[in-house]
Amino acid sequence: QRQLVESGGGLVQAGGSLRLSCATSGSIFSFNDMGWYRQVPGKQRELVAVITSGGSTTYADSVKGRFTISRAYAKNTVYLQMSSLNPEDTAVYYCNVRWVDGVVNWGQGTQVTVSS
């Protein structure tokens, strides 16, 4: 079973930066797309950014120009570089992978807290 392990969350002041990592035990050569989502209590999980196997990226309007999604094939890892963070970015961030065989995996989530 493929597993996703997230890291990099934490507490940061407004205007600061964090980089989230999502390492998978499966080869990222066999994914359709990999993405990051976030969720705050009482709200639905929302898409933050996604990268396809072809390298195309999509971002939520709220993070465009501040967040960057990327992947490292050699490490089977996807990253989310977050800059100019603000308190509205506070959430649990989840990694998501859709594999070519149709399986969808979620990470356990990592907390990001931005203080004002």
# chains A, B, ... in the order shown; residues from 1 in each chain; ligands from 1
$ residues_around --residues "region 73-75 of chain A" --least-positions-apart "6" --cutoff "12 Å" --atoms "only C-alpha atoms" --output "list in words"
Ser21, Cys22, Ala23, Thr24, Ser25, Gly26, Ser27, Ile28, Phe29, Ser30, Phe31, Ser53 and Gly55 of chain A
$ residues_around --residues "region 5-16 of chain A" --least-positions-apart "4" --cutoff "9 Å" --atoms "only C-alpha atoms" --output "list in words"
Leu20, Ser21, Cys22, Ala23, Thr24, Ser25, Met82, Ser83, Ser84, Leu85, Asn86, Pro87, Val92, Tyr93, Tyr94, Cys95, Gly107, Gln108, Gly109, Thr110, Gln111, Val112, Thr113, Val114, Ser115 and Ser116 of chain A
$ atom_distance --atom1 "CA of Thr58 (chain A)" --atom2 "CA of Arg45 (chain A)"
16.2 Å
$ select_by_dssp --residues "chain A" --states "strand (DSSP E or B)" --output "VMD selection string"
chain A and resid 4 to 7 10 to 13 18 to 24 31 to 39 46 to 52 57 to 59 67 to 72 77 to 82 91 to 99 104 to 106 110 to 115
$ residues_around --residues "Asn32 (chain A)" --least-positions-apart "3" --cutoff "12 Å" --atoms "only C-alpha atoms" --output "list in words"
Ser27, Ile28, Phe29, Gly35, Val50, Ile51, Thr52, Ser53, Gly54, Gly55, Ser56, Asn96, Val97, Arg98, Trp99, Val100, Asp101, Gly102, Val103, Val104 and Asn105 of chain A
$ select_by_dssp --residues "region 22-114 of chain A" --states "helix (DSSP H, G or I)" --output "PyMOL selection string"
chain A and resi 28-30+73-75+87-89
$ write_last_selection --atoms "all heavy atoms" --output "PDB file, in the first residue's frame"
ATOM      1  N   ILE A  28       6.521   8.365  -8.080  1.00  0.00           N
ATOM      2  CA  ILE A  28       5.706   9.464  -8.602  1.00  0.00           C
ATOM      3  C   ILE A  28       5.720   9.494 -10.115  1.00  0.00           C
ATOM      4  O   ILE A  28       5.117  10.371 -10.725  1.00  0.00           O
ATOM      5  CB  ILE A  28       6.102  10.824  -8.003  1.00  0.00           C
ATOM      6  CG1 ILE A  28       7.509  11.235  -8.427  1.00  0.00           C
ATOM      7  CG2 ILE A  28       5.968  10.807  -6.496  1.00  0.00           C
ATOM      8  CD1 ILE A  28       7.845  12.657  -7.999  1.00  0.00           C
ATOM      9  N   PHE A  29       6.367   8.526 -10.718  1.00  0.00           N
ATOM     10  CA  PHE A  29       6.252   8.392 -12.168  1.00  0.00           C
ATOM     11  C   PHE A  29       4.901   7.798 -12.537  1.00  0.00           C
ATOM     12  O   PHE A  29       4.507   7.835 -13.696  1.00  0.00           O
ATOM     13  CB  PHE A  29       7.367   7.492 -12.710  1.00  0.00           C
ATOM     14  CG  PHE A  29       8.701   8.167 -12.792  1.00  0.00           C
ATOM     15  CD1 PHE A  29       9.668   7.936 -11.839  1.00  0.00           C
ATOM     16  CD2 PHE A  29       8.982   9.039 -13.827  1.00  0.00           C
ATOM     17  CE1 PHE A  29      10.900   8.567 -11.906  1.00  0.00           C
ATOM     18  CE2 PHE A  29      10.207   9.673 -13.904  1.00  0.00           C
ATOM     19  CZ  PHE A  29      11.174   9.432 -12.946  1.00  0.00           C
ATOM     20  N   SER A  30       4.173   7.232 -11.579  1.00  0.00           N
ATOM     21  CA  SER A  30       2.914   6.560 -11.852  1.00  0.00           C
ATOM     22  C   SER A  30       1.714   7.307 -11.267  1.00  0.00           C
ATOM     23  O   SER A  30       0.732   6.696 -10.892  1.00  0.00           O
ATOM     24  CB  SER A  30       2.957   5.135 -11.318  1.00  0.00           C
ATOM     25  OG  SER A  30       3.223   5.129  -9.937  1.00  0.00           O
ATOM     26  N   TYR A  73      11.351  13.885  -8.585  1.00  0.00           N
ATOM     27  CA  TYR A  73      11.198  12.485  -8.957  1.00  0.00           C
ATOM     28  C   TYR A  73      12.156  11.593  -8.182  1.00  0.00           C
ATOM     29  O   TYR A  73      11.787  10.515  -7.736  1.00  0.00           O
ATOM     30  CB  TYR A  73      11.419  12.309 -10.462  1.00  0.00           C
ATOM     31  CG  TYR A  73      10.258  12.743 -11.306  1.00  0.00           C
ATOM     32  CD1 TYR A  73      10.339  13.860 -12.131  1.00  0.00           C
ATOM     33  CD2 TYR A  73       9.067  12.023 -11.293  1.00  0.00           C
ATOM     34  CE1 TYR A  73       9.273  14.245 -12.915  1.00  0.00           C
ATOM     35  CE2 TYR A  73       7.987  12.406 -12.076  1.00  0.00           C
ATOM     36  CZ  TYR A  73       8.096  13.517 -12.883  1.00  0.00           C
ATOM     37  OH  TYR A  73       7.038  13.905 -13.657  1.00  0.00           O
ATOM     38  N   ALA A  74      13.379  12.028  -8.022  1.00  0.00           N
ATOM     39  CA  ALA A  74      14.387  11.187  -7.384  1.00  0.00           C
ATOM     40  C   ALA A  74      14.025  10.866  -5.942  1.00  0.00           C
ATOM     41  O   ALA A  74      14.447   9.833  -5.402  1.00  0.00           O
ATOM     42  CB  ALA A  74      15.746  11.862  -7.449  1.00  0.00           C
ATOM     43  N   LYS A  75      13.231  11.747  -5.325  1.00  0.00           N
ATOM     44  CA  LYS A  75      12.860  11.563  -3.929  1.00  0.00           C
ATOM     45  C   LYS A  75      11.401  11.134  -3.765  1.00  0.00           C
ATOM     46  O   LYS A  75      10.936  10.991  -2.632  1.00  0.00           O
ATOM     47  CB  LYS A  75      13.110  12.851  -3.144  1.00  0.00           C
ATOM     48  CG  LYS A  75      14.559  13.293  -3.113  1.00  0.00           C
ATOM     49  CD  LYS A  75      14.730  14.559  -2.291  1.00  0.00           C
ATOM     50  CE  LYS A  75      16.184  14.982  -2.230  1.00  0.00           C
ATOM     51  NZ  LYS A  75      16.369  16.221  -1.413  1.00  0.00           N
ATOM     52  N   PRO A  87      -2.631  35.023   8.330  1.00  0.00           N
ATOM     53  CA  PRO A  87      -3.427  34.197   9.255  1.00  0.00           C
ATOM     54  C   PRO A  87      -4.515  33.376   8.558  1.00  0.00           C
ATOM     55  O   PRO A  87      -4.895  32.308   9.061  1.00  0.00           O
ATOM     56  CB  PRO A  87      -4.011  35.228  10.217  1.00  0.00           C
ATOM     57  CG  PRO A  87      -2.988  36.317  10.248  1.00  0.00           C
ATOM     58  CD  PRO A  87      -2.485  36.401   8.840  1.00  0.00           C
ATOM     59  N   GLU A  88      -5.018  33.864   7.417  1.00  0.00           N
ATOM     60  CA  GLU A  88      -6.048  33.123   6.690  1.00  0.00           C
ATOM     61  C   GLU A  88      -5.517  31.820   6.080  1.00  0.00           C
ATOM     62  O   GLU A  88      -6.296  30.977   5.642  1.00  0.00           O
ATOM     63  CB  GLU A  88      -6.649  33.985   5.581  1.00  0.00           C
ATOM     64  CG  GLU A  88      -7.533  35.133   6.069  1.00  0.00           C
ATOM     65  CD  GLU A  88      -6.750  36.227   6.765  1.00  0.00           C
ATOM     66  OE1 GLU A  88      -5.620  36.536   6.289  1.00  0.00           O
ATOM     67  OE2 GLU A  88      -7.230  36.759   7.779  1.00  0.00           O
ATOM     68  N   ASP A  89      -4.215  31.654   6.076  1.00  0.00           N
ATOM     69  CA  ASP A  89      -3.617  30.413   5.571  1.00  0.00           C
ATOM     70  C   ASP A  89      -3.549  29.334   6.657  1.00  0.00           C
ATOM     71  O   ASP A  89      -3.167  28.198   6.372  1.00  0.00           O
ATOM     72  CB  ASP A  89      -2.207  30.674   5.046  1.00  0.00           C
ATOM     73  CG  ASP A  89      -2.190  31.587   3.841  1.00  0.00           C
ATOM     74  OD1 ASP A  89      -3.022  31.395   2.934  1.00  0.00           O
ATOM     75  OD2 ASP A  89      -1.336  32.496   3.804  1.00  0.00           O
TER      76      ASP A  89
END
